[in-house]
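Student: Below you'll find final32.pdb; it's PDB, C-alpha atoms and all ligand atoms.
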```pdb
ATOM      1  CA  MET L   1     115.380 127.016  83.376  1.00  0.00           C
ATOM      2  CA  LYS L   2     113.288 123.823  83.259  1.00  0.00           C
ATOM      3  CA  PRO L   3     109.507 124.055  83.063  1.00  0.00           C
ATOM      4  CA  THR L   4     107.856 123.310  86.399  1.00  0.00           C
ATOM      5  CA  LEU L   5     104.823 121.054  86.702  1.00  0.00           C
ATOM      6  CA  VAL L   6     103.105 121.270  90.087  1.00  0.00           C
ATOM      7  CA  ILE L   7     100.738 118.534  91.274  1.00  0.00           C
ATOM      8  CA  VAL L   8      97.885 119.716  93.489  1.00  0.00           C
ATOM      9  CA  GLY L   9      94.564 118.410  94.710  1.00  0.00           C
ATOM     10  CA  ARG L  10      92.692 117.472  97.830  1.00  0.00           C
ATOM     11  CA  PRO L  11      94.126 114.777 100.140  1.00  0.00           C
ATOM     12  CA  ASN L  12      94.396 111.135  99.073  1.00  0.00           C
ATOM     13  CA  VAL L  13      93.597 111.521  95.367  1.00  0.00           C
ATOM     14  CA  GLY L  14      96.959 110.088  94.231  1.00  0.00           C
ATOM     15  CA  LYS L  15      99.200 113.152  93.870  1.00  0.00           C
ATOM     16  CA  SER L  16     102.281 111.418  95.264  1.00  0.00           C
ATOM     17  CA  THR L  17     101.594 108.317  93.179  1.00  0.00           C
ATOM     18  CA  LEU L  18     101.516 110.518  90.075  1.00  0.00           C
ATOM     19  CA  PHE L  19     104.721 112.252  91.219  1.00  0.00           C
ATOM     20  CA  ASN L  20     106.450 108.875  91.487  1.00  0.00           C
ATOM     21  CA  ARG L  21     105.126 107.867  88.098  1.00  0.00           C
ATOM     22  CA  LEU L  22     106.311 111.043  86.376  1.00  0.00           C
ATOM     23  CA  THR L  23     109.710 111.003  88.073  1.00  0.00           C
ATOM     24  CA  ARG L  24     110.043 107.205  87.730  1.00  0.00           C
ATOM     25  CA  THR L  25     110.990 107.003  91.376  1.00  0.00           C
ATOM     26  CA  ARG L  26     109.484 105.969  94.665  1.00  0.00           C
ATOM     27  CA  ASP L  27     110.640 109.159  96.330  1.00  0.00           C
ATOM     28  CA  ALA L  28     107.212 110.295  97.483  1.00  0.00           C
ATOM     29  CA  LEU L  29     105.430 108.412 100.226  1.00  0.00           C
ATOM     30  CA  VAL L  30     102.128 106.909  99.162  1.00  0.00           C
ATOM     31  CA  ALA L  31      99.440 105.586 101.500  1.00  0.00           C
ATOM     32  CA  ALA L  32      95.697 105.332 101.856  1.00  0.00           C
ATOM     33  CA  LEU L  33      95.928 108.020 104.505  1.00  0.00           C
ATOM     34  CA  PRO L  34      94.871 111.599 103.785  1.00  0.00           C
ATOM     35  CA  GLY L  35      97.432 114.233 104.747  1.00  0.00           C
ATOM     36  CA  LEU L  36     100.510 112.095 104.239  1.00  0.00           C
ATOM     37  CA  THR L  37     102.447 114.642 102.193  1.00  0.00           C
ATOM     38  CA  ARG L  38     103.058 117.736 104.286  1.00  0.00           C
ATOM     39  CA  ASP L  39     105.535 119.879 102.400  1.00  0.00           C
ATOM     40  CA  ARG L  40     106.421 120.318  98.765  1.00  0.00           C
ATOM     41  CA  HIS L  41     108.704 117.827  97.155  1.00  0.00           C
ATOM     42  CA  TYR L  42     110.770 118.271  93.977  1.00  0.00           C
ATOM     43  CA  GLY L  43     111.731 115.683  91.387  1.00  0.00           C
ATOM     44  CA  ALA L  44     112.907 115.385  87.798  1.00  0.00           C
ATOM     45  CA  GLY L  45     110.556 114.417  84.987  1.00  0.00           C
ATOM     46  CA  ARG L  46     111.349 113.764  81.344  1.00  0.00           C
ATOM     47  CA  LEU L  47     109.058 113.730  78.361  1.00  0.00           C
ATOM     48  CA  GLY L  48     110.750 112.708  75.155  1.00  0.00           C
ATOM     49  CA  GLY L  49     113.994 114.676  75.158  1.00  0.00           C
ATOM     50  CA  ARG L  50     112.684 117.387  77.416  1.00  0.00           C
ATOM     51  CA  ALA L  51     113.407 117.620  81.135  1.00  0.00           C
ATOM     52  CA  TYR L  52     111.028 119.307  83.542  1.00  0.00           C
ATOM     53  CA  LEU L  53     110.662 119.750  87.284  1.00  0.00           C
ATOM     54  CA  VAL L  54     107.837 117.944  89.053  1.00  0.00           C
ATOM     55  CA  VAL L  55     106.566 119.202  92.401  1.00  0.00           C
ATOM     56  CA  ASP L  56     104.387 117.095  94.702  1.00  0.00           C
ATOM     57  CA  THR L  57     102.364 119.003  97.274  1.00  0.00           C
ATOM     58  CA  GLY L  58     100.285 118.168 100.304  1.00  0.00           C
ATOM     59  CA  GLY L  59      96.522 118.128 100.086  1.00  0.00           C
ATOM     60  CA  LEU L  60      95.218 121.593  99.372  1.00  0.00           C
ATOM     61  CA  GLU L  61      92.314 122.300 101.692  1.00  0.00           C
ATOM     62  CA  PRO L  62      90.822 125.690 100.812  1.00  0.00           C
ATOM     63  CA  ASP L  63      89.453 126.004 104.374  1.00  0.00           C
ATOM     64  CA  ALA L  64      92.493 124.461 106.012  1.00  0.00           C
ATOM     65  CA  GLN L  65      92.812 124.172 109.775  1.00  0.00           C
ATOM     66  CA  GLY L  66      95.578 122.944 112.066  1.00  0.00           C
ATOM     67  CA  VAL L  67      98.464 121.230 110.263  1.00  0.00           C
ATOM     68  CA  PHE L  68      96.608 121.645 106.962  1.00  0.00           C
ATOM     69  CA  VAL L  69      97.209 125.407 107.127  1.00  0.00           C
ATOM     70  CA  GLU L  70     100.967 124.954 106.645  1.00  0.00           C
ATOM     71  CA  MET L  71     100.397 122.300 103.970  1.00  0.00           C
ATOM     72  CA  ALA L  72      98.129 124.633 102.033  1.00  0.00           C
ATOM     73  CA  LYS L  73     100.765 127.376 102.354  1.00  0.00           C
ATOM     74  CA  GLN L  74     103.405 125.046 100.882  1.00  0.00           C
ATOM     75  CA  ALA L  75     101.089 124.125  98.030  1.00  0.00           C
ATOM     76  CA  ARG L  76     100.412 127.788  97.274  1.00  0.00           C
ATOM     77  CA  THR L  77     104.140 128.552  97.229  1.00  0.00           C
ATOM     78  CA  ALA L  78     104.604 125.746  94.704  1.00  0.00           C
ATOM     79  CA  ILE L  79     101.707 126.992  92.561  1.00  0.00           C
ATOM     80  CA  ALA L  80     103.283 130.437  92.435  1.00  0.00           C
ATOM     81  CA  GLU L  81     106.381 128.826  90.858  1.00  0.00           C
ATOM     82  CA  ALA L  82     104.423 126.650  88.390  1.00  0.00           C
ATOM     83  CA  ASP L  83     104.441 126.790  84.611  1.00  0.00           C
ATOM     84  CA  VAL L  84     101.627 124.285  84.609  1.00  0.00           C
ATOM     85  CA  VAL L  85      99.500 122.913  87.446  1.00  0.00           C
ATOM     86  CA  VAL L  86      98.011 119.417  87.363  1.00  0.00           C
ATOM     87  CA  LEU L  87      94.848 119.350  89.438  1.00  0.00           C
ATOM     88  CA  VAL L  88      94.397 115.730  90.486  1.00  0.00           C
ATOM     89  CA  THR L  89      90.871 114.532  91.213  1.00  0.00           C
ATOM     90  CA  ASP L  90      89.458 111.093  91.983  1.00  0.00           C
ATOM     91  CA  ALA L  91      87.258 109.292  89.458  1.00  0.00           C
ATOM     92  CA  ARG L  92      85.901 106.991  92.154  1.00  0.00           C
ATOM     93  CA  ASP L  93      84.746 109.807  94.418  1.00  0.00           C
ATOM     94  CA  GLY L  94      83.578 111.960  91.518  1.00  0.00           C
ATOM     95  CA  LEU L  95      83.530 115.748  91.614  1.00  0.00           C
ATOM     96  CA  ILE L  96      83.170 117.072  95.161  1.00  0.00           C
ATOM     97  CA  ALA L  97      83.014 120.522  96.732  1.00  0.00           C
ATOM     98  CA  GLN L  98      86.704 120.550  97.658  1.00  0.00           C
ATOM     99  CA  ASP L  99      87.665 120.001  94.002  1.00  0.00           C
ATOM    100  CA  ARG L 100      85.471 122.923  92.985  1.00  0.00           C
ATOM    101  CA  ALA L 101      87.020 125.169  95.635  1.00  0.00           C
ATOM    102  CA  ILE L 102      90.554 124.267  94.571  1.00  0.00           C
ATOM    103  CA  ALA L 103      89.656 124.789  90.906  1.00  0.00           C
ATOM    104  CA  GLU L 104      88.295 128.227  91.769  1.00  0.00           C
ATOM    105  CA  GLU L 105      91.473 129.110  93.635  1.00  0.00           C
ATOM    106  CA  LEU L 106      93.609 127.900  90.733  1.00  0.00           C
ATOM    107  CA  ARG L 107      91.568 129.895  88.260  1.00  0.00           C
ATOM    108  CA  ARG L 108      92.345 133.042  90.240  1.00  0.00           C
ATOM    109  CA  THR L 109      96.096 132.370  89.999  1.00  0.00           C
ATOM    110  CA  GLY L 110      95.930 132.611  86.199  1.00  0.00           C
ATOM    111  CA  ARG L 111      98.173 129.530  85.910  1.00  0.00           C
ATOM    112  CA  ARG L 112      97.702 126.991  83.173  1.00  0.00           C
ATOM    113  CA  VAL L 113      95.804 124.049  84.704  1.00  0.00           C
ATOM    114  CA  ILE L 114      95.310 120.464  83.519  1.00  0.00           C
ATOM    115  CA  VAL L 115      92.610 118.402  85.236  1.00  0.00           C
ATOM    116  CA  ALA L 116      93.624 114.767  85.802  1.00  0.00           C
ATOM    117  CA  VAL L 117      90.840 112.365  86.789  1.00  0.00           C
ATOM    118  CA  ASN L 118      92.844 109.707  88.605  1.00  0.00           C
ATOM    119  CA  LYS L 119      91.997 106.121  89.607  1.00  0.00           C
ATOM    120  CA  ALA L 120      90.132 105.709  86.305  1.00  0.00           C
ATOM    121  CA  GLU L 121      91.493 102.253  85.534  1.00  0.00           C
ATOM    122  CA  GLY L 122      88.689  99.900  84.604  1.00  0.00           C
ATOM    123  CA  MET L 123      86.314 102.803  83.973  1.00  0.00           C
ATOM    124  CA  ASN L 124      84.939 104.296  80.782  1.00  0.00           C
ATOM    125  CA  HIS L 125      87.080 107.392  80.265  1.00  0.00           C
ATOM    126  CA  GLU L 126      84.325 109.571  78.866  1.00  0.00           C
ATOM    127  CA  LEU L 127      82.052 108.753  81.799  1.00  0.00           C
ATOM    128  CA  ALA L 128      84.858 109.240  84.317  1.00  0.00           C
ATOM    129  CA  ASN L 129      85.647 112.637  82.814  1.00  0.00           C
ATOM    130  CA  ALA L 130      82.079 113.804  82.257  1.00  0.00           C
ATOM    131  CA  GLU L 131      81.322 115.714  85.448  1.00  0.00           C
ATOM    132  CA  PHE L 132      84.810 117.246  85.645  1.00  0.00           C
ATOM    133  CA  HIS L 133      84.098 119.409  82.595  1.00  0.00           C
ATOM    134  CA  GLU L 134      82.063 121.475  85.052  1.00  0.00           C
ATOM    135  CA  LEU L 135      85.259 122.780  86.598  1.00  0.00           C
ATOM    136  CA  GLY L 136      85.669 124.930  83.512  1.00  0.00           C
ATOM    137  CA  LEU L 137      89.396 124.230  83.266  1.00  0.00           C
ATOM    138  CA  GLY L 138      89.382 122.532  79.889  1.00  0.00           C
ATOM    139  CA  ALA L 139      88.902 118.911  78.924  1.00  0.00           C
ATOM    140  CA  PRO L 140      89.697 116.597  81.847  1.00  0.00           C
ATOM    141  CA  HIS L 141      92.011 113.616  81.355  1.00  0.00           C
ATOM    142  CA  ALA L 142      91.139 110.213  82.809  1.00  0.00           C
ATOM    143  CA  ILE L 143      94.347 108.640  84.104  1.00  0.00           C
ATOM    144  CA  SER L 144      95.593 105.965  86.447  1.00  0.00           C
ATOM    145  CA  ALA L 145      98.717 107.011  88.296  1.00  0.00           C
ATOM    146  CA  GLU L 146      98.996 103.517  89.701  1.00  0.00           C
ATOM    147  CA  GLN L 147      98.148 101.227  86.799  1.00  0.00           C
ATOM    148  CA  VAL L 148      98.664 101.040  83.057  1.00  0.00           C
ATOM    149  CA  PHE L 149      95.608 101.283  80.878  1.00  0.00           C
ATOM    150  CA  PRO L 150      95.398  98.556  78.252  1.00  0.00           C
ATOM    151  CA  PRO L 151      95.965  99.896  74.732  1.00  0.00           C
ATOM    152  CA  ARG L 152      92.763 101.366  73.301  1.00  0.00           C
ATOM    153  CA  LYS L 153      91.502  99.820  70.110  1.00  0.00           C
ATOM    154  CA  ASN L 154      90.960 102.255  67.218  1.00  0.00           C
ATOM    155  CA  SER L 155      92.309 105.076  69.368  1.00  0.00           C
ATOM    156  CA  SER L 156      93.224 108.206  67.466  1.00  0.00           C
ATOM    157  CA  LYS L 157      95.272 109.509  70.388  1.00  0.00           C
ATOM    158  CA  PRO L 158      99.036 109.708  69.933  1.00  0.00           C
ATOM    159  CA  THR L 159     101.074 107.158  71.835  1.00  0.00           C
ATOM    160  CA  ALA L 160     104.520 108.565  71.150  1.00  0.00           C
ATOM    161  CA  PRO L 161     106.155 110.833  73.721  1.00  0.00           C
ATOM    162  CA  SER L 162     105.534 114.478  73.029  1.00  0.00           C
ATOM    163  CA  ALA L 163     107.591 117.486  74.040  1.00  0.00           C
ATOM    164  CA  SER L 164     104.661 119.241  75.659  1.00  0.00           C
ATOM    165  CA  PRO L 165     104.266 118.942  79.462  1.00  0.00           C
ATOM    166  CA  SER L 166     100.557 119.551  78.922  1.00  0.00           C
ATOM    167  CA  SER L 167     100.211 116.097  77.477  1.00  0.00           C
ATOM    168  CA  ALA L 168     101.898 114.428  80.418  1.00  0.00           C
ATOM    169  CA  ALA L 169      98.705 113.212  82.022  1.00  0.00           C
ATOM    170  CA  ARG L 170      97.225 112.021  78.737  1.00  0.00           C
ATOM    171  CA  MET L 171     100.419 110.199  77.902  1.00  0.00           C
ATOM    172  CA  ARG L 172     100.026 108.099  81.000  1.00  0.00           C
ATOM    173  CA  GLU L 173      97.177 106.359  79.216  1.00  0.00           C
ATOM    174  CA  SER L 174      99.609 104.922  76.729  1.00  0.00           C
ATOM    175  CA  PRO L 175     103.195 104.982  77.919  1.00  0.00           C
ATOM    176  CA  PRO L 176     105.844 103.859  75.468  1.00  0.00           C
ATOM    177  CA  SER L 177     105.794 100.081  75.193  1.00  0.00           C
ATOM    178  CA  SER L 178     109.328  99.889  76.552  1.00  0.00           C
ATOM    179  CA  THR L 179     108.107 101.170  79.914  1.00  0.00           C
ATOM    180  CA  ARG L 180     105.016  98.986  80.216  1.00  0.00           C
ATOM    181  CA  SER L 181     106.510  96.087  82.076  1.00  0.00           C
ATOM    182  CA  SER L 182     108.458  98.282  84.440  1.00  0.00           C
ATOM    183  CA  VAL L 183     105.474 100.423  85.384  1.00  0.00           C
ATOM    184  CA  ARG L 184     103.873  97.603  87.311  1.00  0.00           C
ATOM    185  CA  ASN L 185     107.097  97.212  89.233  1.00  0.00           C
ATOM    186  CA  GLY L 186     106.909 100.806  90.374  1.00  0.00           C
ATOM    187  CA  TRP L 187     109.517 102.060  87.891  1.00  0.00           C
TER     188      TRP L 187
HETATM  189  N1  LIG W   1      92.898 102.588  92.316  1.00  0.00           N
HETATM  190  C1  LIG W   1      93.856 103.518  92.324  1.00  0.00           C
HETATM  191  N2  LIG W   1      94.377 103.935  93.495  1.00  0.00           N
HETATM  192  C2  LIG W   1      95.334 104.892  93.447  1.00  0.00           C
HETATM  193  C3  LIG W   1      95.799 105.444  92.225  1.00  0.00           C
HETATM  194  N3  LIG W   1      96.726 106.392  92.521  1.00  0.00           N
HETATM  195  C4  LIG W   1      96.835 106.403  93.857  1.00  0.00           C
HETATM  196  N4  LIG W   1      96.011 105.491  94.434  1.00  0.00           N
HETATM  197  C5  LIG W   1      95.872 105.174  95.862  1.00  0.00           C
HETATM  198  O1  LIG W   1      95.342 106.312  96.515  1.00  0.00           O
HETATM  199  C6  LIG W   1      95.868 106.405  97.837  1.00  0.00           C
HETATM  200  C7  LIG W   1      96.478 107.787  98.045  1.00  0.00           C
HETATM  201  O2  LIG W   1      97.606 107.905  97.190  1.00  0.00           O
HETATM  202  P1  LIG W   1      98.687 109.076  97.422  1.00  0.00           P
HETATM  203  O3  LIG W   1      99.528 109.115  96.193  1.00  0.00           O
HETATM  204  O4  LIG W   1      99.357 108.926  98.743  1.00  0.00           O
HETATM  205  O5  LIG W   1      97.696 110.324  97.470  1.00  0.00           O
HETATM  206  P2  LIG W   1      98.045 111.853  97.803  1.00  0.00           P
HETATM  207  O6  LIG W   1      97.095 112.680  97.009  1.00  0.00           O
HETATM  208  O7  LIG W   1      99.485 112.113  97.606  1.00  0.00           O
HETATM  209  O8  LIG W   1      97.656 111.927  99.335  1.00  0.00           O
HETATM  210  P3  LIG W   1      98.104 113.048 100.430  1.00  0.00           P
HETATM  211  O9  LIG W   1      99.591 113.247 100.324  1.00  0.00           O
HETATM  212  O10 LIG W   1      97.704 112.418 101.720  1.00  0.00           O
HETATM  213  O11 LIG W   1      97.319 114.278 100.095  1.00  0.00           O
HETATM  214  C8  LIG W   1      96.882 105.259  97.974  1.00  0.00           C
HETATM  215  O12 LIG W   1      96.248 104.182  98.621  1.00  0.00           O
HETATM  216  C9  LIG W   1      97.207 104.907  96.534  1.00  0.00           C
HETATM  217  O13 LIG W   1      97.596 103.559  96.377  1.00  0.00           O
HETATM  218  C10 LIG W   1      95.233 104.966  90.989  1.00  0.00           C
HETATM  219  O14 LIG W   1      95.588 105.365  89.895  1.00  0.00           O
HETATM  220  N5  LIG W   1      94.266 104.005  91.112  1.00  0.00           N
HETATM  221 MG    MG W   2     100.934 112.766  98.928  1.00  0.00          MG
END
```
Spell out the structure here as structure tokens.
Tutor:
Amino acid sequence: MKPTLVIVGRPNVGKSTLFNRLTRTRDALVAALPGLTRDRHYGAGRLGGRAYLVVDTGGLEPDAQGVFVEMAKQARTAIAEADVVVLVTDARDGLIAQDRAIAEELRRTGRRVIVAVNKAEGMNHELANAEFHELGLGAPHAISAEQVFPPRKNSSKPTAPSASPSSAARMRESPPSSTRSSVRNGW
């Protein structure tokens, strides 16, 4: 059985964009419109030689109402099936109450959680990550689901693909050079 990586977070933070990036598809709809993704959506990811399942979910509103109730239910079903959950947050908005509430809910599930601080292109990674340490879910990872970070000078971080799904978000900082040109074209 393939490991399952489930992408969650509040609306409009870039979950579907990250899904498309990890699956190298344009299968998930992306728009500057909160609440676009309404059910859960499966795709195939690959890291080095290892295949994994990627699941995109709708915005998880802890106090959901109306249509958001069903979306939150779908997200929770996906979380229950997850080997690892990527909690996507937004570097531009910073840490907000909804992120804290989702983090708290995820903590209660006992699942392994990685915090991705999305939309961090053009920002200092340490500063972008700083406040997200407060979530208490381990070191956050500044990423850009949409853009490719320029290579970091004197970086000690590995750039080669790794077999661990937990490094998926970090890897996005430095995808293999063979993929760089295609990333801008949406893979
Ligand atoms: N600047 C920037 N914008 C991004 C990035 N990733 C996503 N976006 C934008 O953020 C908006 C929302 O992206 P989606 O991927 O649809 O977000 P979502 O979390 O799936 O949204 P819902 O399905 O509505 O919950 C779109 O306008 C994207 O273009 C990023 O890395 N940087
Ligand atoms: Mg979406």
Student: Report the residues retrieved by the PyMOL selection byres (((not hetatm)) within 10 of (chain W and resi 2)) from the displayed file, expressed as a VMD selection string.
Tutor: chain L and resid 7 to 19 28 to 41 56 to 59
Student: Please list as a PyMOL selection string every residue within 10 Å of stretch 140-145 of chain L, counting all atoms listed in the file and excluding residues in the same chain fewer than 4 positions away.
Tutor: chain L and resi 13-22+87-91+114-136+149+167-174+183
Student: Selected residues, C-alpha atoms, written as a PDB file, keeping the file's coordinate frame, please.
Tutor:
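Everything below was put into part00.pdb:
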```pdb
ATOM      1  CA  VAL L  13      93.597 111.521  95.367  1.00  0.00           C
ATOM      2  CA  GLY L  14      96.959 110.088  94.231  1.00  0.00           C
ATOM      3  CA  LYS L  15      99.200 113.152  93.870  1.00  0.00           C
ATOM      4  CA  SER L  16     102.281 111.418  95.264  1.00  0.00           C
ATOM      5  CA  THR L  17     101.594 108.317  93.179  1.00  0.00           C
ATOM      6  CA  LEU L  18     101.516 110.518  90.075  1.00  0.00           C
ATOM      7  CA  PHE L  19     104.721 112.252  91.219  1.00  0.00           C
ATOM      8  CA  ASN L  20     106.450 108.875  91.487  1.00  0.00           C
ATOM      9  CA  ARG L  21     105.126 107.867  88.098  1.00  0.00           C
ATOM     10  CA  LEU L  22     106.311 111.043  86.376  1.00  0.00           C
ATOM     11  CA  LEU L  87      94.848 119.350  89.438  1.00  0.00           C
ATOM     12  CA  VAL L  88      94.397 115.730  90.486  1.00  0.00           C
ATOM     13  CA  THR L  89      90.871 114.532  91.213  1.00  0.00           C
ATOM     14  CA  ASP L  90      89.458 111.093  91.983  1.00  0.00           C
ATOM     15  CA  ALA L  91      87.258 109.292  89.458  1.00  0.00           C
ATOM     16  CA  ILE L 114      95.310 120.464  83.519  1.00  0.00           C
ATOM     17  CA  VAL L 115      92.610 118.402  85.236  1.00  0.00           C
ATOM     18  CA  ALA L 116      93.624 114.767  85.802  1.00  0.00           C
ATOM     19  CA  VAL L 117      90.840 112.365  86.789  1.00  0.00           C
ATOM     20  CA  ASN L 118      92.844 109.707  88.605  1.00  0.00           C
ATOM     21  CA  LYS L 119      91.997 106.121  89.607  1.00  0.00           C
ATOM     22  CA  ALA L 120      90.132 105.709  86.305  1.00  0.00           C
ATOM     23  CA  GLU L 121      91.493 102.253  85.534  1.00  0.00           C
ATOM     24  CA  GLY L 122      88.689  99.900  84.604  1.00  0.00           C
ATOM     25  CA  MET L 123      86.314 102.803  83.973  1.00  0.00           C
ATOM     26  CA  ASN L 124      84.939 104.296  80.782  1.00  0.00           C
ATOM     27  CA  HIS L 125      87.080 107.392  80.265  1.00  0.00           C
ATOM     28  CA  GLU L 126      84.325 109.571  78.866  1.00  0.00           C
ATOM     29  CA  LEU L 127      82.052 108.753  81.799  1.00  0.00           C
ATOM     30  CA  ALA L 128      84.858 109.240  84.317  1.00  0.00           C
ATOM     31  CA  ASN L 129      85.647 112.637  82.814  1.00  0.00           C
ATOM     32  CA  ALA L 130      82.079 113.804  82.257  1.00  0.00           C
ATOM     33  CA  GLU L 131      81.322 115.714  85.448  1.00  0.00           C
ATOM     34  CA  PHE L 132      84.810 117.246  85.645  1.00  0.00           C
ATOM     35  CA  HIS L 133      84.098 119.409  82.595  1.00  0.00           C
ATOM     36  CA  GLU L 134      82.063 121.475  85.052  1.00  0.00           C
ATOM     37  CA  LEU L 135      85.259 122.780  86.598  1.00  0.00           C
ATOM     38  CA  GLY L 136      85.669 124.930  83.512  1.00  0.00           C
ATOM     39  CA  PHE L 149      95.608 101.283  80.878  1.00  0.00           C
ATOM     40  CA  SER L 167     100.211 116.097  77.477  1.00  0.00           C
ATOM     41  CA  ALA L 168     101.898 114.428  80.418  1.00  0.00           C
ATOM     42  CA  ALA L 169      98.705 113.212  82.022  1.00  0.00           C
ATOM     43  CA  ARG L 170      97.225 112.021  78.737  1.00  0.00           C
ATOM     44  CA  MET L 171     100.419 110.199  77.902  1.00  0.00           C
ATOM     45  CA  ARG L 172     100.026 108.099  81.000  1.00  0.00           C
ATOM     46  CA  GLU L 173      97.177 106.359  79.216  1.00  0.00           C
ATOM     47  CA  SER L 174      99.609 104.922  76.729  1.00  0.00           C
ATOM     48  CA  VAL L 183     105.474 100.423  85.384  1.00  0.00           C
TER      49      VAL L 183
END
```
Student: When you look at L:Ala51 with a cut-off of 9 Å (counting all atoms listed in the file), what residues show up, excluding the ones that are within fewer than 5 positions of it in the same chain? I need them as a list in words.
Tutor: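 Residues near the query, excluding close chain neighbours: Lys2, Pro3, Ala44, Gly45 and Arg46 of chain L.
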Student: Between L:Gly138, L:Leu5, L:Val148, L:Tyr42, which residue has the minimum interatomic distance to ligand LIG 1 (chain W), considering all atoms listed in the file?
Tutor: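 Of L:Gly138, L:Leu5, L:Val148, L:Tyr42, the one nearest ligand LIG 1 (chain W) is L:Val148, counting all atoms listed in the file.
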Student: Which value, in Å to one decimal, gives the distance between atom O3 of ligand LIG 1 (chain W) and atom CA of L:Ala101?
Tutor: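 These atoms are spaced 20.4 Å apart.
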Student: So the first atom is atom CA of L:Arg92 and the second is atom CA of L:Ala139; what is the distance between them in Å, to one decimal place?
Tutor: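 The value is 18.1 Å.
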Student: Considering only C-alpha atoms, can you say which of L:Glu146, L:Asp83, L:Asp27, L:Glu70 comes closest to L:Tyr52?
Tutor: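 The answer is L:Asp83, which sits nearest to L:Tyr52.
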Student: Find, counting only C-alpha atoms, the residue in L:Arg107, L:Ile102, L:Gly43, L:Gly94 that gets nearest to L:Ala75.
Tutor: L:Ile102
Student: For atom CA of L:Ile79 and atom CA of L:Gln147, determine how far apart the two atoms are, in Å to one decimal place.
Tutor: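 It comes out at 26.6 Å.
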Student: Return as JSON the box centre and box size in Å, one decimal, for an axis-aligned box around all listed atoms of ligand LIG 1 (chain W) padded by 4 Å per side.
Tutor:
```
{"center_x": 96.2, "center_y": 108.4, "center_z": 95.8, "size_x": 14.7, "size_y": 19.7, "size_z": 19.8}
```
Student: Where does the PyMOL selection byres (((chain L and resi 81) around 10) and not hetatm) land in this file, that is, which residues does it pick, as a PDB file with C-alpha atoms, in the coordinates of the input?
Tutor:
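Output (selection-v7.pdb):
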```pdb
ATOM      1  CA  PRO L   3     109.507 124.055  83.063  1.00  0.00           C
ATOM      2  CA  THR L   4     107.856 123.310  86.399  1.00  0.00           C
ATOM      3  CA  LEU L   5     104.823 121.054  86.702  1.00  0.00           C
ATOM      4  CA  VAL L   6     103.105 121.270  90.087  1.00  0.00           C
ATOM      5  CA  VAL L  55     106.566 119.202  92.401  1.00  0.00           C
ATOM      6  CA  ARG L  76     100.412 127.788  97.274  1.00  0.00           C
ATOM      7  CA  THR L  77     104.140 128.552  97.229  1.00  0.00           C
ATOM      8  CA  ALA L  78     104.604 125.746  94.704  1.00  0.00           C
ATOM      9  CA  ILE L  79     101.707 126.992  92.561  1.00  0.00           C
ATOM     10  CA  ALA L  80     103.283 130.437  92.435  1.00  0.00           C
ATOM     11  CA  ALA L  82     104.423 126.650  88.390  1.00  0.00           C
ATOM     12  CA  ASP L  83     104.441 126.790  84.611  1.00  0.00           C
ATOM     13  CA  VAL L  84     101.627 124.285  84.609  1.00  0.00           C
ATOM     14  CA  VAL L  85      99.500 122.913  87.446  1.00  0.00           C
ATOM     15  CA  ARG L 111      98.173 129.530  85.910  1.00  0.00           C
TER      16      ARG L 111
END
```
Student: Which is closer to L:Met1 than all the others in L:Arg50, L:Thr25, L:Thr109, L:Met71, using only C-alpha atoms?
Tutor: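 Of L:Arg50, L:Thr25, L:Thr109, L:Met71, the one nearest L:Met1, counting only C-alpha atoms, is L:Arg50.
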Student: Extract stretch 133-143 of chain L from the structure I just pasted (atoms: N, CA and C atoms) and return it as a PDB file, in the first residue's frame.
Tutor:
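selection.pdb written:
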```pdb
ATOM      1  N   HIS L 133       6.236  28.412  14.310  1.00  0.00           N
ATOM      2  CA  HIS L 133       6.767  27.499  15.330  1.00  0.00           C
ATOM      3  C   HIS L 133       5.767  27.372  16.479  1.00  0.00           C
ATOM      4  N   GLU L 134       5.020  28.453  16.686  1.00  0.00           N
ATOM      5  CA  GLU L 134       4.031  28.480  17.780  1.00  0.00           C
ATOM      6  C   GLU L 134       3.001  27.365  17.695  1.00  0.00           C
ATOM      7  N   LEU L 135       2.799  26.843  16.506  1.00  0.00           N
ATOM      8  CA  LEU L 135       1.792  25.784  16.357  1.00  0.00           C
ATOM      9  C   LEU L 135       2.209  24.520  17.090  1.00  0.00           C
ATOM     10  N   GLY L 136       3.483  24.415  17.393  1.00  0.00           N
ATOM     11  CA  GLY L 136       3.963  23.269  18.165  1.00  0.00           C
ATOM     12  C   GLY L 136       3.926  21.964  17.388  1.00  0.00           C
ATOM     13  N   LEU L 137       4.040  22.066  16.061  1.00  0.00           N
ATOM     14  CA  LEU L 137       3.988  20.864  15.222  1.00  0.00           C
ATOM     15  C   LEU L 137       5.329  20.622  14.531  1.00  0.00           C
ATOM     16  N   GLY L 138       6.388  21.090  15.147  1.00  0.00           N
ATOM     17  CA  GLY L 138       7.708  20.904  14.552  1.00  0.00           C
ATOM     18  C   GLY L 138       8.098  22.095  13.700  1.00  0.00           C
ATOM     19  N   ALA L 139       9.302  22.033  13.164  1.00  0.00           N
ATOM     20  CA  ALA L 139       9.824  23.164  12.389  1.00  0.00           C
ATOM     21  C   ALA L 139       9.004  23.358  11.116  1.00  0.00           C
ATOM     22  N   PRO L 140       8.478  24.583  10.917  1.00  0.00           N
ATOM     23  CA  PRO L 140       7.721  24.840   9.688  1.00  0.00           C
ATOM     24  C   PRO L 140       8.643  24.954   8.468  1.00  0.00           C
ATOM     25  N   HIS L 141       8.084  24.742   7.302  1.00  0.00           N
ATOM     26  CA  HIS L 141       8.867  24.788   6.059  1.00  0.00           C
ATOM     27  C   HIS L 141       8.307  25.870   5.141  1.00  0.00           C
ATOM     28  N   ALA L 142       9.095  26.902   4.881  1.00  0.00           N
ATOM     29  CA  ALA L 142       8.683  27.920   3.914  1.00  0.00           C
ATOM     30  C   ALA L 142       8.735  27.310   2.512  1.00  0.00           C
ATOM     31  N   ILE L 143       7.636  27.427   1.788  1.00  0.00           N
ATOM     32  CA  ILE L 143       7.596  26.883   0.423  1.00  0.00           C
ATOM     33  C   ILE L 143       6.886  27.871  -0.490  1.00  0.00           C
TER      34      ILE L 143
END
```
